[in-house]
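Listing of my_file_19.tsv, TSV, C-alpha atoms
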```tsv
chain	number	residue	atom	x	y	z
G	1	MET	CA	88.02	73.53	113.74
G	2	PRO	CA	87.40	76.98	115.23
G	3	TYR	CA	89.98	79.60	114.34
G	4	CYS	CA	89.35	81.64	117.45
G	5	SER	CA	88.64	80.93	121.07
G	6	PHE	CA	87.28	83.55	123.39
G	7	VAL	CA	87.24	83.87	127.17
G	8	ALA	CA	85.91	86.77	129.20
G	9	GLY	CA	85.61	87.37	132.89
G	10	VAL	CA	86.34	89.58	135.85
G	11	ILE	CA	89.28	88.83	138.08
G	12	CYS	CA	91.26	90.48	140.81
G	13	LEU	CA	94.94	90.40	139.95
G	14	ARG	CA	97.70	90.83	142.47
G	15	GLY	CA	99.13	94.30	142.12
G	16	MET	CA	96.22	95.57	140.06
G	17	LYS	CA	93.64	97.60	141.87
G	18	PRO	CA	90.76	97.36	141.73
G	19	GLU	CA	89.51	94.20	140.01
G	20	ALA	CA	90.16	93.91	136.29
G	21	SER	CA	87.85	92.82	133.51
G	22	VAL	CA	89.64	90.32	131.33
G	23	VAL	CA	88.99	89.27	127.76
G	24	GLU	CA	91.22	86.65	126.18
G	25	LEU	CA	91.43	85.50	122.58
G	26	THR	CA	93.47	82.75	120.96
G	27	LEU	CA	93.81	83.08	117.20
G	28	ASP	CA	95.24	80.93	114.45
G	29	SER	CA	97.97	82.65	112.47
G	30	LYS	CA	95.77	83.78	109.61
G	31	LEU	CA	95.65	87.39	108.48
G	32	LYS	CA	91.84	87.33	108.31
G	33	ASN	CA	91.81	86.82	112.08
G	34	VAL	CA	93.15	90.33	112.58
G	35	GLU	CA	89.59	91.56	112.16
G	36	VAL	CA	88.49	89.38	115.10
G	37	ALA	CA	91.10	91.07	117.28
G	38	GLU	CA	90.06	94.50	116.01
G	39	GLU	CA	86.43	93.83	116.84
G	40	ALA	CA	87.39	92.73	120.35
G	41	ALA	CA	89.51	95.87	120.77
G	42	ARG	CA	86.62	98.02	119.58
G	43	ARG	CA	84.19	96.43	122.05
G	44	VAL	CA	86.57	96.55	124.98
G	45	SER	CA	87.45	100.18	124.26
G	46	ALA	CA	83.81	101.16	123.90
G	47	LYS	CA	82.94	99.44	127.16
G	48	ALA	CA	85.85	101.18	128.87
G	49	GLY	CA	84.30	104.46	127.74
G	50	PHE	CA	86.91	105.86	125.39
G	51	ASP	CA	85.96	108.58	122.96
G	52	GLU	CA	85.67	107.58	119.30
G	53	GLU	CA	89.13	108.76	118.31
G	54	THR	CA	90.85	106.90	121.16
G	55	GLU	CA	88.79	103.84	120.36
G	56	PHE	CA	90.20	103.97	116.85
G	57	HIS	CA	93.74	104.41	118.17
G	58	VAL	CA	93.43	101.36	120.42
G	59	GLU	CA	91.87	99.35	117.59
G	60	MET	CA	94.67	100.34	115.23
G	61	ALA	CA	97.37	99.54	117.80
G	62	VAL	CA	95.85	96.08	118.27
G	63	HIS	CA	95.60	95.64	114.50
G	64	GLU	CA	99.28	96.45	114.02
G	65	ALA	CA	100.45	94.34	116.97
G	66	VAL	CA	98.42	91.33	115.82
G	67	ILE	CA	99.57	91.73	112.20
G	68	ASN	CA	103.11	91.83	113.53
G	69	ALA	CA	102.52	88.65	115.56
G	70	ILE	CA	100.86	86.70	112.73
G	71	TYR	CA	102.97	87.89	109.82
G	72	HIS	CA	106.41	88.66	111.23
G	73	GLY	CA	106.34	86.60	114.47
G	74	ASN	CA	104.56	83.39	113.53
G	75	LYS	CA	105.15	83.86	109.80
G	76	GLU	CA	101.58	82.63	109.20
G	77	ASP	CA	102.57	79.15	110.43
G	78	PRO	CA	99.26	77.31	110.95
G	79	ARG	CA	100.74	75.41	113.93
G	80	LYS	CA	101.40	78.64	115.82
G	81	LYS	CA	98.89	80.74	117.74
G	82	VAL	CA	98.51	84.35	118.76
G	83	TYR	CA	97.33	84.98	122.32
G	84	ILE	CA	95.62	88.27	123.09
G	85	LYS	CA	94.57	89.51	126.50
G	86	PHE	CA	92.71	92.71	127.35
G	87	LEU	CA	92.78	93.84	130.98
G	88	VAL	CA	90.55	96.75	131.89
G	89	THR	CA	90.62	98.49	135.25
G	90	GLU	CA	89.33	101.90	136.23
G	91	GLU	CA	92.73	103.37	135.41
G	92	VAL	CA	94.02	101.60	132.33
G	93	ILE	CA	93.34	99.28	129.47
G	94	GLU	CA	96.30	96.89	129.15
G	95	ILE	CA	96.64	94.71	126.08
G	96	HIS	CA	98.99	91.76	125.66
G	97	VAL	CA	99.66	90.24	122.24
G	98	ARG	CA	101.86	87.16	122.35
G	99	ASP	CA	103.17	85.13	119.44
G	100	GLU	CA	105.35	82.05	119.09
G	101	GLY	CA	108.02	83.62	116.92
G	102	LYS	CA	111.65	84.51	117.44
G	103	GLY	CA	111.04	88.01	118.69
G	104	PHE	CA	112.36	91.42	117.76
G	105	ASP	CA	114.20	94.31	119.31
G	106	PRO	CA	112.04	97.43	119.08
G	107	SER	CA	115.04	99.67	119.70
G	108	ALA	CA	116.65	98.30	116.53
G	109	LEU	CA	113.77	99.38	114.30
G	110	PRO	CA	114.59	102.29	111.99
G	111	ASP	CA	112.85	105.61	112.59
G	112	PRO	CA	110.16	105.87	109.87
G	113	LEU	CA	110.17	109.66	110.22
G	114	ALA	CA	113.85	110.00	109.34
G	115	LYS	CA	114.30	111.65	105.96
G	116	GLU	CA	116.07	108.61	104.52
G	117	ASN	CA	113.25	106.29	105.65
G	118	LEU	CA	110.26	108.44	104.76
G	119	LEU	CA	109.60	106.63	101.48
G	120	ASN	CA	110.22	103.15	102.86
G	121	ILE	CA	107.39	100.78	102.08
G	122	SER	CA	107.41	99.10	105.49
G	123	GLY	CA	108.46	99.86	109.05
G	124	ARG	CA	105.56	101.95	110.37
G	125	GLY	CA	103.57	99.33	112.34
G	126	ILE	CA	105.32	99.45	115.70
G	127	PHE	CA	105.78	103.20	115.28
G	128	LEU	CA	101.99	103.59	115.09
G	129	VAL	CA	101.48	101.34	118.13
G	130	ARG	CA	103.86	103.53	120.11
G	131	LYS	CA	102.19	106.68	118.83
G	132	PHE	CA	98.66	105.56	119.70
G	133	MET	CA	99.30	103.95	123.08
G	134	ASP	CA	100.63	105.52	126.28
G	135	GLU	CA	103.01	102.71	127.16
G	136	PHE	CA	104.64	100.03	125.05
G	137	ARG	CA	107.09	97.27	125.84
G	138	VAL	CA	108.21	93.96	124.42
G	139	ALA	CA	109.02	90.83	126.41
G	140	SER	CA	110.70	87.71	125.07
G	141	PHE	CA	110.29	84.24	126.48
G	142	PRO	CA	113.09	81.68	126.92
G	143	GLY	CA	111.24	78.94	125.04
G	144	GLY	CA	110.42	81.27	122.17
G	145	GLY	CA	107.64	83.74	121.72
G	146	THR	CA	107.34	87.46	122.08
G	147	GLU	CA	104.79	89.50	123.94
G	148	VAL	CA	103.89	93.06	123.10
G	149	ILE	CA	102.33	94.89	126.02
G	150	MET	CA	100.42	98.10	125.35
G	151	ILE	CA	98.74	100.36	127.87
G	152	LYS	CA	96.26	103.19	127.38
G	153	HIS	CA	95.32	105.31	130.35
G	154	LEU	CA	91.64	105.99	130.76
G	155	THR	CA	91.92	109.75	130.55
G	156	SER	CA	90.13	109.95	127.22
G	157	ARG	CA	86.88	108.54	128.46
G	158	ILE	CA	83.56	110.12	127.68
G	159	PRO	CA	82.27	111.53	130.98
G	160	SER	CA	78.78	110.06	130.58
G	161	LYS	CA	80.28	106.57	130.21
G	162	GLN	CA	82.52	106.76	133.25
G	163	GLY	CA	79.97	105.13	135.49
G	164	GLY	CA	80.64	107.11	138.65
G	165	THR	CA	84.35	106.56	138.81
G	166	GLY	CA	84.95	109.91	140.42
G	167	ARG	CA	86.61	111.26	137.27
G	168	GLU	CA	83.76	113.48	136.19
G	169	HIS	CA	85.58	116.60	137.29
G	170	GLU	CA	88.75	115.78	135.38
G	171	GLY	CA	87.87	115.62	131.68
G	172	ASP	CA	86.34	118.07	129.27
G	173	SER	CA	82.68	117.32	128.76
G	174	THR	CA	81.75	116.30	125.24
G	175	SER	CA	78.02	116.63	125.84
G	176	GLY	CA	77.87	120.41	125.72
L	1	MET	CA	84.76	94.82	103.95
L	2	SER	CA	87.40	94.05	101.37
L	3	MET	CA	89.00	96.64	99.15
L	4	LYS	CA	87.58	97.62	95.78
L	5	ALA	CA	89.27	99.76	93.15
L	6	THR	CA	87.57	101.02	90.01
L	7	VAL	CA	89.32	102.97	87.30
L	8	ARG	CA	87.92	105.77	85.15
L	9	GLN	CA	89.52	108.23	82.78
L	10	VAL	CA	88.95	112.00	83.13
L	11	ASP	CA	90.80	113.92	80.44
L	12	SER	CA	94.42	112.85	80.73
L	13	VAL	CA	94.04	111.69	84.32
L	14	THR	CA	93.32	108.16	85.46
L	15	VAL	CA	91.14	108.29	88.54
L	16	VAL	CA	91.17	105.24	90.79
L	17	ASP	CA	88.19	105.15	93.15
L	18	VAL	CA	89.24	103.07	96.14
L	19	SER	CA	86.82	101.82	98.78
L	20	GLY	CA	86.97	99.53	101.80
L	21	ARG	CA	90.04	98.50	103.76
L	22	ILE	CA	93.61	98.88	102.50
L	23	THR	CA	95.41	96.41	104.73
L	24	LEU	CA	98.19	93.85	104.55
L	25	GLY	CA	97.43	90.96	102.23
L	26	GLU	CA	95.05	90.80	99.31
L	27	ALA	CA	93.98	94.45	99.45
L	28	CYS	CA	97.52	95.79	99.17
L	29	LYS	CA	98.29	93.36	96.35
L	30	GLN	CA	95.12	94.37	94.54
L	31	LEU	CA	95.96	98.07	94.75
L	32	ARG	CA	99.53	97.38	93.59
L	33	ASP	CA	98.22	95.41	90.59
L	34	VAL	CA	95.86	98.23	89.60
L	35	ILE	CA	98.61	100.87	89.76
L	36	ARG	CA	101.12	98.71	87.90
L	37	GLY	CA	98.45	97.86	85.33
L	38	GLU	CA	97.72	101.51	84.62
L	39	LEU	CA	101.43	102.32	84.37
L	40	ALA	CA	101.83	99.44	81.93
L	41	LYS	CA	99.12	101.03	79.77
L	42	GLY	CA	101.10	104.27	79.74
L	43	HIS	CA	98.78	106.04	82.18
L	44	LYS	CA	101.16	108.13	84.24
L	45	ASN	CA	98.82	110.72	85.75
L	46	LEU	CA	97.07	108.90	88.56
L	47	LEU	CA	94.60	110.29	91.07
L	48	LEU	CA	93.64	108.01	93.96
L	49	ASN	CA	90.23	108.87	95.32
L	50	LEU	CA	90.22	107.60	98.91
L	51	ALA	CA	86.83	109.01	99.95
L	52	ASP	CA	85.38	105.58	100.68
L	53	VAL	CA	88.41	104.04	102.34
L	54	THR	CA	87.16	102.94	105.73
L	55	TYR	CA	90.46	101.72	107.12
L	56	ILE	CA	94.13	101.81	106.21
L	57	ASP	CA	96.95	100.21	108.16
L	58	SER	CA	100.72	100.64	108.08
L	59	SER	CA	100.97	98.24	105.13
L	60	GLY	CA	98.30	100.21	103.26
L	61	ILE	CA	100.27	103.39	103.88
L	62	GLY	CA	103.32	101.59	102.59
L	63	GLU	CA	101.39	100.62	99.48
L	64	LEU	CA	100.52	104.28	98.83
L	65	VAL	CA	104.22	105.13	99.15
L	66	SER	CA	105.09	102.27	96.82
L	67	ALA	CA	102.57	103.53	94.27
L	68	TYR	CA	103.91	107.08	94.58
L	69	THR	CA	107.47	105.89	94.00
L	70	ALA	CA	106.52	103.62	91.08
L	71	VAL	CA	104.63	106.42	89.31
L	72	SER	CA	107.38	109.01	89.99
L	73	ASN	CA	110.03	106.62	88.67
L	74	GLN	CA	108.08	106.42	85.40
L	75	GLY	CA	108.04	110.20	85.13
L	76	GLY	CA	104.39	110.42	86.18
L	77	GLN	CA	102.45	111.93	89.04
L	78	LEU	CA	100.34	110.28	91.70
L	79	LYS	CA	98.02	112.46	93.76
L	80	LEU	CA	95.49	111.78	96.48
L	81	LEU	CA	91.88	112.94	96.61
L	82	ASN	CA	89.30	113.14	99.41
L	83	LEU	CA	91.12	111.78	102.42
L	84	THR	CA	88.97	110.72	105.35
L	85	LYS	CA	89.97	112.16	108.72
L	86	LYS	CA	91.55	108.87	109.74
L	87	VAL	CA	93.68	108.63	106.61
L	88	HIS	CA	94.55	112.32	106.84
L	89	ASP	CA	95.67	111.92	110.46
L	90	LEU	CA	97.76	108.85	109.64
L	91	LEU	CA	99.53	110.68	106.82
L	92	GLN	CA	100.21	113.58	109.19
L	93	ILE	CA	101.59	111.30	111.90
L	94	THR	CA	103.86	109.51	109.44
L	95	LYS	CA	104.98	112.83	107.90
L	96	LEU	CA	103.74	111.69	104.50
L	97	TYR	CA	101.15	114.42	104.16
L	98	THR	CA	103.80	116.73	102.76
L	99	VAL	CA	105.08	114.06	100.37
L	100	PHE	CA	101.76	113.54	98.64
L	101	ASP	CA	99.88	116.19	96.71
L	102	VAL	CA	96.48	116.02	98.44
L	103	HIS	CA	93.25	117.50	97.06
L	104	ASN	CA	89.72	117.85	98.35
L	105	ASP	CA	87.86	118.39	95.09
L	106	GLU	CA	88.14	116.34	91.96
L	107	ALA	CA	87.99	119.16	89.42
L	108	GLY	CA	90.81	120.99	91.15
L	109	ALA	CA	92.84	117.81	91.38
L	110	ILE	CA	92.34	117.07	87.66
L	111	GLY	CA	93.29	120.63	86.80
L	112	SER	CA	96.46	120.44	88.88
L	113	PHE	CA	97.82	117.75	86.58
L	114	LYS	CA	97.39	120.03	83.56
L	115	THR	CA	99.32	122.86	85.15
L	116	ALA	CA	101.99	120.67	86.72
```

Could you write out this structure as structure tokens?
Amino acid sequence: MPYCSFVAGVICLRGMKPEASVVELTLDSKLKNVEVAEEAARRVSAKAGFDEETEFHVEMAVHEAVINAIYHGNKEDPRKKVYIKFLVTEEVIEIHVRDEGKGFDPSALPDPLAKENLLNISGRGIFLVRKFMDEFRVASFPGGGTEVIMIKHLTSRIPSKQGGTGREHEGDSTSG
Amino acid sequence: MSMKATVRQVDSVTVVDVSGRITLGEACKQLRDVIRGELAKGHKNLLLNLADVTYIDSSGIGELVSAYTAVSNQGGQLKLLNLTKKVHDLLQITKLYTVFDVHNDEAGAIGSFKTA
């Protein structure tokens, strides 16, 4: 039985302009599958034209969100899946990571930078997601399941990879 | 690439050369076992060489903190050597860079245990 399904395509979503490239993954709740999600994040980020450092930040945010979904959300239950969706437009890369767990309240998470928490062993995953992405929110579903939505604006793209998006004048060139 | 940890003794310092990915699961457990094993042998001066660590996640960072605390609680010292830029940046972001004693050359790191 495959542990991962993969769908890719280009669609035009209502409210999203212009058309968005979409990559979707469905993963079994196994920790080893995190690397599948990372690889997808790396490829999507590279195709979007991010610089190397931003690529790493997106990859790490996906890693932490998927770990959270598999380990804390689905509790590695083999009957539960993790659904990942990458949406790429000319303005943003938007990533959805949905699990089938009970959910969590991000505002209730302790601040890992607080002096009393600095030497805590855990509690840095969502902090890193927030740090590395421009926008972050969590949605819960009535029938169970939680979706983490992360957005990175495409302001860190390498000019030569922008493909004539009209942004060439905005960023600092890395070629010189 | 999974994590690998090899241990060598330099003077009174136990150097643990770590390579690969330190992430949630087997890698974190493996690192924990190595540190606890050295402490059980009475080796309390530990230097973690992270030069070949290609990836570390929040759980891996937590494992470094756990190791630091375990060694400190035994009256020992745990120091870090040769951080990659990614690991360095993560320790900065999490404010742990000031917690750990970080070195860039092995001889200096070994010497710092003697004078500590």

Give me, as a tab-separated table (two decimals) with C-alpha atoms, keeping the file's coordinate frame, the contact residues of chain L against chain G at a cut-off of 6 Å, counting all atoms listed in the file.
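The result, stored in iface.tsv:
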```
chain	number	residue	atom	x	y	z
L	58	SER	CA	100.72	100.64	108.08
L	62	GLY	CA	103.32	101.59	102.59
L	66	SER	CA	105.09	102.27	96.82
```

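Omitting Ile149 in chain G and its sequence neighbours fewer than 2 positions away, and counting all atoms listed in the file, the residues within 7 Å are Ile95, His96, Val97, Phe136, Arg137, Val138, Glu147 and Ile151 of chain G.
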
Show me, as a VMD selection string, the residues that have an atom within 7 Å of Val102 in chain L when counting only C-alpha atoms, minus same-chain residues fewer than 5 positions from it. chain L and resid 79 to 81

Quick one: residues within 9 Å of Gln77 in chain L, only C-alpha atoms counted, chain neighbours fewer than 5 positions away excluded, as a list of chain:residue names? L:Lys44, L:Asn45, L:Leu46, L:Leu47, L:Tyr68, L:Val71, L:Ser72, L:Phe113

Which value, in Å to one decimal, gives the distance between CA of Leu48 in chain L and CA of Gly20 in chain L? 13.3 Å

So how far away is CA of Phe50 in chain G from CA of Leu154 in chain G, in Å?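 Distance between the two atoms: 7.2 Å.
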